[in-house]
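Here is the file coords-v2.cif (mmCIF, C-alpha atoms).
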data_input
loop_
_atom_site.label_atom_id
_atom_site.label_comp_id
_atom_site.auth_asym_id
_atom_site.auth_seq_id
_atom_site.Cartn_x
_atom_site.Cartn_y
_atom_site.Cartn_z
CA MET A 1 29.25 11.25 -0.79
CA SER A 2 27.27 8.07 -0.31
CA ARG A 3 23.95 7.59 -2.01
CA PRO A 4 20.66 7.00 -0.18
CA THR A 5 19.83 3.39 0.60
CA VAL A 6 16.94 1.34 -0.69
CA LYS A 7 15.37 -1.75 0.81
CA PHE A 8 13.71 -4.73 -0.84
CA PHE A 9 11.61 -7.33 0.96
CA ASP A 10 10.30 -10.42 -0.84
CA SER A 11 6.99 -11.49 0.71
CA ILE A 12 7.40 -15.12 -0.36
CA THR A 13 11.05 -15.85 0.39
CA GLU A 14 11.22 -13.19 3.15
CA GLU A 15 14.61 -12.23 1.74
CA GLU A 16 15.63 -8.70 2.72
CA ILE A 17 18.21 -6.61 0.91
CA ILE A 18 19.42 -3.14 1.91
CA ARG A 19 21.90 -1.43 -0.36
CA GLU A 20 22.82 1.93 -1.84
CA MET A 21 20.84 3.12 -4.84
CA ASN A 22 22.20 1.90 -8.13
CA ASP A 23 22.74 4.29 -11.04
CA GLU A 24 19.21 3.95 -12.38
CA GLU A 25 17.56 4.40 -8.98
CA TYR A 26 19.79 7.35 -8.17
CA GLU A 27 18.87 9.03 -11.43
CA VAL A 28 15.17 8.64 -10.58
CA HIS A 29 15.86 9.97 -7.09
CA LEU A 30 17.53 13.11 -8.50
CA ARG A 31 14.59 13.63 -10.83
CA ASP A 32 12.25 13.30 -7.84
CA LEU A 33 14.17 15.97 -5.95
CA GLU A 34 14.08 18.30 -8.94
CA ARG A 35 10.34 17.83 -9.41
CA ILE A 36 9.59 18.37 -5.72
CA GLU A 37 11.65 21.56 -5.68
CA LYS A 38 9.59 22.83 -8.62
CA ASP A 39 6.35 21.94 -6.82
CA LYS A 40 7.55 23.73 -3.70
CA ALA A 41 8.58 26.79 -5.66
CA ALA A 42 5.21 26.96 -7.45
CA ILE A 43 3.29 26.77 -4.18
CA GLU A 44 5.49 29.34 -2.50
CA ALA A 45 5.12 31.68 -5.48
CA ALA A 46 1.34 31.38 -5.35
CA GLU A 47 1.34 32.10 -1.62
CA ALA A 48 3.63 35.09 -2.09
CA LYS A 49 1.36 36.42 -4.85
CA ARG A 50 -1.69 36.05 -2.61
CA GLN A 51 0.05 37.82 0.27
CA ALA A 52 1.26 40.62 -2.03
CA LEU A 53 -2.30 41.24 -3.17
CA LEU A 54 -3.53 41.38 0.42
CA ASP A 55 -0.74 43.81 1.29
CA LYS A 56 -1.63 45.99 -1.68
CA LEU A 57 -5.26 46.07 -0.59
CA GLY A 58 -4.22 46.70 2.97
CA ILE A 59 -6.38 43.92 4.39
CA THR A 60 -5.80 40.65 6.15
CA GLU A 61 -6.76 37.24 4.86
CA GLU A 62 -9.63 37.09 7.34
CA GLU A 63 -10.93 40.45 6.13
CA ALA A 64 -10.70 39.27 2.53
CA LYS A 65 -12.78 36.21 3.43
CA LEU A 66 -15.40 38.43 5.06
CA LEU A 67 -15.56 40.63 1.96
CA LEU A 68 -16.07 37.59 -0.24
CA SER A 69 -18.62 35.89 2.02
CA MET B 1 -12.86 -64.56 11.02
CA SER B 2 -9.76 -64.87 8.91
CA ARG B 3 -7.70 -61.87 7.83
CA SER B 4 -8.58 -62.52 4.17
CA ARG B 5 -12.31 -62.42 4.90
CA ASP B 6 -11.91 -59.11 6.82
CA VAL B 7 -10.31 -57.53 3.78
CA ALA B 8 -13.06 -58.82 1.53
CA ASN B 9 -15.73 -57.36 3.78
CA ILE B 10 -14.01 -54.01 3.95
CA ASP B 11 -13.78 -53.91 0.19
CA THR B 12 -17.55 -54.20 -0.12
CA ILE B 13 -18.02 -51.00 1.92
CA LEU B 14 -16.71 -48.89 -0.93
CA THR B 15 -19.27 -48.80 -3.74
CA THR B 16 -18.61 -45.62 -5.68
CA LYS B 17 -15.74 -43.68 -7.12
CA GLY B 18 -14.40 -41.26 -4.54
CA ASP B 19 -15.75 -43.15 -1.55
CA ILE B 20 -13.56 -43.11 1.52
CA TYR B 21 -13.56 -45.10 4.74
CA ALA B 22 -14.72 -43.31 7.84
CA ALA B 23 -15.20 -44.87 11.25
CA THR B 24 -18.54 -44.41 13.00
CA ALA B 25 -17.02 -45.90 16.16
CA ALA B 26 -14.00 -47.87 17.19
CA SER B 27 -13.31 -50.72 14.73
CA THR B 28 -16.44 -49.77 12.75
CA PRO B 29 -15.55 -48.70 9.25
CA SER B 30 -18.22 -47.19 7.03
CA ARG B 31 -18.56 -45.50 3.67
CA LEU B 32 -18.41 -41.73 3.18
CA GLY B 33 -19.39 -40.78 -0.34
CA VAL B 34 -17.40 -38.16 -2.17
CA GLY B 35 -18.61 -34.58 -2.11
CA THR B 36 -19.17 -32.39 -5.13
CA ASN B 37 -16.38 -30.73 -7.10
CA GLY B 38 -14.53 -28.14 -5.07
CA GLN B 39 -15.80 -29.30 -1.70
CA VAL B 40 -13.38 -30.00 1.11
CA LEU B 41 -13.51 -32.56 3.91
CA THR B 42 -14.06 -31.04 7.32
CA ALA B 43 -14.51 -32.35 10.82
CA ALA B 44 -18.16 -32.46 11.93
CA SER B 45 -18.76 -34.05 15.31
CA THR B 46 -22.53 -34.21 14.84
CA THR B 47 -22.43 -36.51 11.80
CA ALA B 48 -22.21 -40.29 12.06
CA THR B 49 -18.66 -40.42 10.77
CA GLY B 50 -17.48 -37.19 12.34
CA LEU B 51 -16.75 -35.85 8.87
CA GLN B 52 -18.57 -34.02 6.11
CA TRP B 53 -17.89 -32.48 2.73
CA THR B 54 -18.41 -28.73 2.70
CA THR B 55 -18.11 -25.95 0.18
CA PRO B 56 -15.37 -23.50 1.17
CA SER B 57 -16.31 -19.87 1.45
CA SER B 58 -15.71 -17.87 -1.68
CA GLY B 59 -13.08 -15.69 -0.09
CA GLY B 60 -13.16 -12.16 1.24
CA GLY B 61 -11.29 -10.79 4.15
CA PHE B 62 -7.75 -9.60 4.33
CA THR B 63 -4.50 -11.49 4.20
CA LEU B 64 -1.33 -9.82 5.45
CA ILE B 65 1.08 -10.54 2.62
CA ASN B 66 4.31 -9.35 4.25
CA SER B 67 4.17 -11.16 7.55
CA GLY B 68 4.62 -8.79 10.48
CA GLY B 69 4.94 -5.80 8.18
CA THR B 70 8.20 -4.52 6.74
CA ALA B 71 10.37 -2.00 8.54
CA ILE B 72 10.92 1.07 6.38
CA SER B 73 14.54 1.88 5.62
CA GLY B 74 15.14 4.24 2.74
CA ASN B 75 12.86 3.77 -0.24
CA THR B 76 11.37 0.41 0.72
CA THR B 77 9.95 -2.11 -1.73
CA VAL B 78 7.73 -5.05 -0.83
CA SER B 79 7.69 -7.56 -3.68
CA SER B 80 5.90 -10.83 -4.53
CA ILE B 81 2.52 -9.33 -3.70
CA GLY B 82 0.63 -10.70 -6.71
CA GLY B 83 -2.24 -13.16 -6.62
CA TYR B 84 -4.98 -11.11 -5.01
CA THR B 85 -7.83 -9.09 -6.43
CA HIS B 86 -7.39 -5.94 -4.40
CA LEU B 87 -4.58 -4.51 -2.35
CA MET B 88 -4.57 -2.50 0.84
CA PHE B 89 -1.52 -0.86 2.36
CA VAL B 90 -1.08 0.66 5.79
CA ILE B 91 1.85 2.89 6.63
CA GLU B 92 2.65 3.19 10.29
CA GLY B 93 4.82 6.06 11.40
CA ALA B 94 7.00 6.52 8.33
CA SER B 95 9.64 8.93 9.48
CA ARG B 96 12.83 10.72 8.79
CA SER B 97 14.81 11.97 11.72
CA SER B 98 17.00 14.43 9.87
CA GLY B 99 16.98 16.56 6.76
CA SER B 100 14.07 18.29 5.09
CA GLY B 101 11.15 16.56 3.54
CA VAL B 102 8.12 17.61 1.59
CA SER B 103 6.89 14.52 -0.23
CA LEU B 104 5.96 10.94 0.61
CA TRP B 105 4.88 8.68 -2.23
CA ILE B 106 4.28 5.13 -3.40
CA ARG B 107 5.11 3.49 -6.71
CA PHE B 108 4.19 0.15 -8.20
CA ASN B 109 6.65 -2.23 -9.90
CA SER B 110 9.39 0.41 -9.35
CA ASP B 111 7.72 2.29 -12.19
CA SER B 112 8.78 5.95 -12.28
CA GLY B 113 7.22 6.63 -15.67
CA THR B 114 4.34 9.03 -16.18
CA ASN B 115 1.79 6.33 -15.45
CA TYR B 116 0.07 7.85 -12.45
CA ALA B 117 -2.84 10.26 -12.33
CA ILE B 118 -3.79 11.89 -9.05
CA ARG B 119 -6.42 14.20 -7.63
CA SER B 120 -5.91 15.39 -4.11
CA PHE B 121 -6.88 17.87 -1.47
CA GLY B 122 -5.50 18.46 1.95
CA SER B 123 -4.02 20.95 4.29
CA PHE B 124 -0.52 22.02 5.09
CA ASN B 125 1.44 25.20 5.64
CA ASN B 126 -1.15 26.43 8.12
CA ALA B 127 -3.75 26.66 5.34
CA THR B 128 -7.30 25.50 5.87
CA ALA B 129 -7.21 23.55 2.63
CA ASN B 130 -5.43 23.37 -0.62
CA SER B 131 -6.17 21.63 -3.84
CA GLY B 132 -3.75 22.36 -6.61
CA ASN B 133 -2.52 18.85 -7.17
CA PHE B 134 -4.27 17.62 -10.28
CA ASN B 135 -1.76 15.72 -12.30
CA ASN B 136 -2.59 13.36 -15.13
CA SER B 137 1.02 12.42 -15.80
CA ALA B 138 2.58 12.05 -12.41
CA THR B 139 5.59 9.81 -11.93
CA GLU B 140 4.43 8.55 -8.53
CA PHE B 141 1.35 8.35 -6.36
CA GLU B 142 2.05 11.08 -3.87
CA ILE B 143 0.21 10.43 -0.62
CA LEU B 144 1.44 13.40 1.40
CA PHE B 145 3.07 16.68 0.47
CA ARG B 146 4.94 19.16 2.62
CA TYR B 147 4.41 17.41 5.89
CA GLY B 148 6.46 19.87 7.84
CA ASN B 149 8.02 23.26 7.59
CA ASN B 150 10.97 22.06 5.56
CA THR B 151 12.13 20.24 8.63
CA ASN B 152 12.18 16.61 9.56
CA PHE B 153 9.03 14.61 10.26
CA ASN B 154 10.18 12.49 13.12
CA ASN B 155 6.70 12.10 14.55
CA GLY B 156 5.88 9.98 11.55
CA VAL B 157 3.32 9.74 8.81
CA TYR B 158 0.33 7.47 9.09
CA ALA B 159 -1.52 6.44 5.97
CA ALA B 160 -3.87 3.85 4.57
CA GLY B 161 -4.61 3.18 0.95
CA TRP B 162 -6.49 0.89 -1.35
CA VAL B 163 -5.70 -0.37 -4.82
CA TYR B 164 -8.83 -1.63 -6.52
CA ARG B 165 -8.43 -4.64 -8.83
CA TYR B 166 -4.68 -4.27 -9.02
CA GLY B 167 -4.13 -7.59 -10.72
CA VAL B 168 -6.18 -6.81 -13.81
CA THR B 169 -5.74 -4.63 -16.83
CA THR B 170 -5.24 -0.91 -16.52
CA PRO B 171 -6.11 1.43 -15.07
CA ARG B 172 -6.31 0.49 -11.42
CA THR B 173 -7.99 2.86 -9.03
CA ILE B 174 -6.05 3.94 -5.98
CA THR B 175 -7.16 5.96 -3.02
CA ALA B 176 -5.33 6.90 0.15
CA PHE B 177 -5.46 9.10 3.19
CA ALA B 178 -2.34 10.30 4.97
CA ALA B 179 -1.51 12.52 7.91
CA GLY B 180 1.72 13.43 9.58
CA THR B 181 3.62 15.98 11.58
CA ASP B 182 7.19 17.04 12.08
CA GLY B 183 6.78 17.01 15.83
CA THR B 184 7.01 20.77 16.27
CA VAL B 185 4.61 21.93 18.95
CA GLY B 186 2.83 25.10 17.88
CA GLY B 187 4.69 25.40 14.61
CA SER B 188 2.84 27.21 11.88
CA GLN B 189 3.39 24.51 9.30
CA THR B 190 3.48 21.43 11.43
CA PRO B 191 0.59 19.06 10.63
CA ALA B 192 -0.36 18.00 7.17
CA ILE B 193 -3.19 15.83 5.90
CA ARG B 194 -4.12 14.66 2.45
CA GLN B 195 -6.80 12.68 0.71
CA VAL B 196 -5.77 11.50 -2.70
CA THR B 197 -7.25 9.30 -5.35
CA GLY B 198 -6.11 8.40 -8.82
CA THR B 199 -5.09 5.66 -11.19
CA TYR B 200 -2.06 3.61 -12.11
CA GLY B 201 -1.81 2.84 -15.80
CA GLY B 202 1.26 0.62 -16.01
CA SER B 203 0.71 -2.28 -18.42
CA SER B 204 2.05 -5.06 -16.17
CA ALA B 205 0.25 -6.65 -13.27
CA ILE B 206 1.32 -5.14 -9.99
CA THR B 207 3.83 -7.33 -8.16
CA SER B 208 5.55 -4.82 -5.89
CA ILE B 209 4.89 -1.61 -3.99
CA THR B 210 7.49 0.95 -2.93
CA ILE B 211 7.18 3.66 -0.31
CA GLY B 212 9.62 6.49 -0.81
CA ALA B 213 10.37 10.10 -0.07
CA ASP B 214 12.58 12.92 -1.25
CA GLY B 215 15.16 11.74 1.21
CA THR B 216 16.05 8.74 3.30
CA LEU B 217 13.26 7.26 5.37
CA ASP B 218 14.55 5.77 8.58
CA GLY B 219 11.54 4.58 10.53
CA GLY B 220 8.06 3.13 10.44
CA ARG B 221 6.54 0.03 8.90
CA ILE B 222 4.49 -0.80 5.85
CA TYR B 223 1.84 -3.53 5.90
CA VAL B 224 0.51 -4.91 2.64
CA TYR B 225 -2.78 -6.81 2.59
CA GLY B 226 -4.25 -8.84 -0.23
CA VAL B 227 -8.00 -9.00 -0.60
CA ASN B 228 -10.08 -11.45 -2.62
#
Represent the structure from my file as structure tokens, please.
Amino acid sequence: MSRPTVKFFDSITEEEIIREMNDEEYEVHLRDLERIEKDKAAIEAAEAKRQALLDKLGITEEEAKLLLS
Amino acid sequence: MSRSRDVANIDTILTTKGDIYAATAASTPSRLGVGTNGQVLTAASTTATGLQWTTPSSGGGFTLINSGGTAISGNTTVSSIGGYTHLMFVIEGASRSSGSGVSLWIRFNSDSGTNYAIRSFGSFNNATANSGNFNNSATEFEILFRYGNNTNFNNGVYAAGWVYRYGVTTPRTITAFAAGTDGTVGGSQTPAIRQVTGTYGGSSAITSITIGADGTLDGGRIYVYGVN
């Protein structure tokens, strides 16, 4: 499987290079994916927790806002 | 008048170090004294010689560093951007036409260390607002998060950001605003917006900026402006 590409543009020489990620860049890329998956999971867990509480109380989000206003 | 006498007469016009010849009319040479240090010679039709020494403005304004902007293709780095006091970047329609995507970020000097601190708020996932991104040891400056319902974002992300005093010692202040959609009409998680500010604490002067995502970007342009 090919790796994602990266692009470099030098503003002075206007040289442009497009190539596959090297080992170091690919390692960073994999770490980025891992971190983003964790962030997504944390947000989804928080949303699920909030919805579970609303379900337990038997009210909607709008009703909860009215109660707290 | 002989040629040798002409030369002698012309020589007497110049009296002071830095003097230059300037014609007041055809075949009428005259003396223009040097200006003060740092001044530049400019055309001035209202003066006798048509020239005058003026002090250049002290700067300001924007200079597009990467002429015409740089098309985004994968994680895209614009280098050789040093030499200015401040930096402004504009992202026009960064997009990905396939795959899922939740994060769009920038990095400086290809630095993926924990040298970024961010504070942000925004809206995505059909929520009126979210905060929840307070990170003092981020590995990138994330300008948009979850810009789509785990789908593509082929309608593009538009963003503008500012790096204050990027050429000096750390930390540099960064602020940006971004918005984007995945192009789904009526989708519950389609649009996303984000305002983010933070710092970059890398020890080297900033010489490059990279726009990247958790996948391969395949559209849009990035414009990098230097400001003095």
From the list B:Phe89, B:Phe62, B:Phe177, B:Phe145, which residue is nearest chain A when using all atoms listed in the file?
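Closest residue, counting all atoms listed in the file: B:Phe145.
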Counting all atoms listed in the file, chain A residues within 6 Å of chain B, as an MDAnalysis selection string:
chainID A and resid 5:11 33
How would the residues just chosen look if you wrote them out with C-alpha atoms as a PDB file, in the frame of the given file?
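Final file, selection_32.pdb:
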ATOM      1  CA  THR A   5      19.830   3.390   0.600  1.00  0.00           C
ATOM      2  CA  VAL A   6      16.940   1.340  -0.690  1.00  0.00           C
ATOM      3  CA  LYS A   7      15.370  -1.750   0.810  1.00  0.00           C
ATOM      4  CA  PHE A   8      13.710  -4.730  -0.840  1.00  0.00           C
ATOM      5  CA  PHE A   9      11.610  -7.330   0.960  1.00  0.00           C
ATOM      6  CA  ASP A  10      10.300 -10.420  -0.840  1.00  0.00           C
ATOM      7  CA  SER A  11       6.990 -11.490   0.710  1.00  0.00           C
ATOM      8  CA  LEU A  33      14.170  15.970  -5.950  1.00  0.00           C
TER       9      LEU A  33
END
Please write the residues picked by the PyMOL selection byres ((chain B and resi 115-123) around 9) on this file as a PyMOL selection string.
chain B and resi 107+111-114+124-145+174+191-202
Could you work out how far atom CA of Ala45 of chain A lies from atom CA of Trp105 of chain B, giving the answer in Å with one decimal?
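Rounded to one decimal, the two atoms are 23.2 Å apart.
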Can you measure atom CA of Arg172 of chain B to atom CA of Thr63 of chain B for me? One decimal in Å is fine.
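A separation of 19.8 Å between them.
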Give me, as a list in words, all polymer residues having an atom no more than 9 Å from Tyr158 of chain B, counting all atoms listed in the file and skipping those fewer than 5 positions away in the same chain.
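Answer for this query is Val90, Ile91, Glu92, Gly93, Ala94, Phe177, Ala178, Ala179, Gly180 and Gly220 of chain B.
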Can you work out the spacing between atom CA of Thr60 of chain A and atom CA of Ala48 of chain A in Å, to one decimal?
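About the pair atom CA of Thr60 of chain A and atom CA of Ala48 of chain A: they are 13.7 Å apart.
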All heavy atoms modelled onto segment 208-219 of chain B, as a PDB file, in the coordinates of the input:
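Result written to selection22.pdb:
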ATOM      1  N   SER B 208       4.805  -5.412  -7.004  1.00  0.00           N
ATOM      2  CA  SER B 208       5.550  -4.820  -5.890  1.00  0.00           C
ATOM      3  C   SER B 208       5.056  -3.408  -5.619  1.00  0.00           C
ATOM      4  O   SER B 208       4.487  -2.748  -6.490  1.00  0.00           O
ATOM      5  CB  SER B 208       7.058  -4.793  -6.190  1.00  0.00           C
ATOM      6  OG  SER B 208       7.364  -3.810  -7.157  1.00  0.00           O
ATOM      7  N   ILE B 209       5.263  -2.970  -4.394  1.00  0.00           N
ATOM      8  CA  ILE B 209       4.890  -1.610  -3.990  1.00  0.00           C
ATOM      9  C   ILE B 209       6.084  -1.010  -3.252  1.00  0.00           C
ATOM     10  O   ILE B 209       6.738  -1.686  -2.464  1.00  0.00           O
ATOM     11  CB  ILE B 209       3.624  -1.614  -3.108  1.00  0.00           C
ATOM     12  CG1 ILE B 209       3.226  -0.193  -2.723  1.00  0.00           C
ATOM     13  CG2 ILE B 209       3.798  -2.483  -1.875  1.00  0.00           C
ATOM     14  CD1 ILE B 209       1.863  -0.123  -2.024  1.00  0.00           C
ATOM     15  N   THR B 210       6.371   0.255  -3.558  1.00  0.00           N
ATOM     16  CA  THR B 210       7.490   0.950  -2.930  1.00  0.00           C
ATOM     17  C   THR B 210       6.982   2.188  -2.211  1.00  0.00           C
ATOM     18  O   THR B 210       6.176   2.934  -2.767  1.00  0.00           O
ATOM     19  CB  THR B 210       8.536   1.381  -3.976  1.00  0.00           C
ATOM     20  OG1 THR B 210       9.015   0.238  -4.667  1.00  0.00           O
ATOM     21  CG2 THR B 210       9.710   2.115  -3.334  1.00  0.00           C
ATOM     22  N   ILE B 211       7.427   2.389  -0.999  1.00  0.00           N
ATOM     23  CA  ILE B 211       7.180   3.660  -0.310  1.00  0.00           C
ATOM     24  C   ILE B 211       8.489   4.435  -0.347  1.00  0.00           C
ATOM     25  O   ILE B 211       9.564   3.884  -0.089  1.00  0.00           O
ATOM     26  CB  ILE B 211       6.682   3.473   1.133  1.00  0.00           C
ATOM     27  CG1 ILE B 211       6.535   4.846   1.797  1.00  0.00           C
ATOM     28  CG2 ILE B 211       7.583   2.549   1.934  1.00  0.00           C
ATOM     29  CD1 ILE B 211       5.902   4.788   3.163  1.00  0.00           C
ATOM     30  N   GLY B 212       8.399   5.714  -0.707  1.00  0.00           N
ATOM     31  CA  GLY B 212       9.620   6.490  -0.810  1.00  0.00           C
ATOM     32  C   GLY B 212       9.372   7.944  -0.463  1.00  0.00           C
ATOM     33  O   GLY B 212       8.245   8.382  -0.231  1.00  0.00           O
ATOM     34  N   ALA B 213      10.435   8.686  -0.403  1.00  0.00           N
ATOM     35  CA  ALA B 213      10.370  10.100  -0.070  1.00  0.00           C
ATOM     36  C   ALA B 213      11.515  10.811  -0.760  1.00  0.00           C
ATOM     37  O   ALA B 213      12.385  10.183  -1.367  1.00  0.00           O
ATOM     38  CB  ALA B 213      10.462  10.300   1.441  1.00  0.00           C
ATOM     39  N   ASP B 214      11.499  12.145  -0.655  1.00  0.00           N
ATOM     40  CA  ASP B 214      12.580  12.920  -1.250  1.00  0.00           C
ATOM     41  C   ASP B 214      13.765  12.976  -0.288  1.00  0.00           C
ATOM     42  O   ASP B 214      14.361  14.017  -0.065  1.00  0.00           O
ATOM     43  CB  ASP B 214      12.091  14.326  -1.596  1.00  0.00           C
ATOM     44  CG  ASP B 214      11.514  15.036  -0.379  1.00  0.00           C
ATOM     45  OD1 ASP B 214      10.922  14.360   0.476  1.00  0.00           O
ATOM     46  OD2 ASP B 214      11.663  16.262  -0.290  1.00  0.00           O
ATOM     47  N   GLY B 215      14.065  11.853   0.278  1.00  0.00           N
ATOM     48  CA  GLY B 215      15.160  11.740   1.210  1.00  0.00           C
ATOM     49  C   GLY B 215      15.116  10.353   1.806  1.00  0.00           C
ATOM     50  O   GLY B 215      14.307   9.537   1.413  1.00  0.00           O
ATOM     51  N   THR B 216      15.944  10.097   2.763  1.00  0.00           N
ATOM     52  CA  THR B 216      16.050   8.740   3.300  1.00  0.00           C
ATOM     53  C   THR B 216      15.102   8.529   4.465  1.00  0.00           C
ATOM     54  O   THR B 216      15.247   9.145   5.517  1.00  0.00           O
ATOM     55  CB  THR B 216      17.496   8.454   3.747  1.00  0.00           C
ATOM     56  OG1 THR B 216      18.360   8.639   2.625  1.00  0.00           O
ATOM     57  CG2 THR B 216      17.627   7.034   4.247  1.00  0.00           C
ATOM     58  N   LEU B 217      14.159   7.647   4.278  1.00  0.00           N
ATOM     59  CA  LEU B 217      13.260   7.260   5.370  1.00  0.00           C
ATOM     60  C   LEU B 217      14.043   6.377   6.340  1.00  0.00           C
ATOM     61  O   LEU B 217      14.838   5.531   5.920  1.00  0.00           O
ATOM     62  CB  LEU B 217      12.060   6.490   4.812  1.00  0.00           C
ATOM     63  CG  LEU B 217      11.120   7.292   3.908  1.00  0.00           C
ATOM     64  CD1 LEU B 217      10.202   6.355   3.133  1.00  0.00           C
ATOM     65  CD2 LEU B 217      10.307   8.273   4.716  1.00  0.00           C
ATOM     66  N   ASP B 218      13.783   6.569   7.616  1.00  0.00           N
ATOM     67  CA  ASP B 218      14.550   5.770   8.580  1.00  0.00           C
ATOM     68  C   ASP B 218      13.691   5.231   9.709  1.00  0.00           C
ATOM     69  O   ASP B 218      14.197   4.880  10.781  1.00  0.00           O
ATOM     70  CB  ASP B 218      15.724   6.568   9.144  1.00  0.00           C
ATOM     71  CG  ASP B 218      15.268   7.860   9.816  1.00  0.00           C
ATOM     72  OD1 ASP B 218      14.061   8.005  10.056  1.00  0.00           O
ATOM     73  OD2 ASP B 218      16.118   8.706  10.117  1.00  0.00           O
ATOM     74  N   GLY B 219      12.383   5.149   9.488  1.00  0.00           N
ATOM     75  CA  GLY B 219      11.540   4.580  10.530  1.00  0.00           C
ATOM     76  C   GLY B 219      10.150   4.273  10.012  1.00  0.00           C
ATOM     77  O   GLY B 219       9.760   4.714   8.934  1.00  0.00           O
TER      78      GLY B 219
END
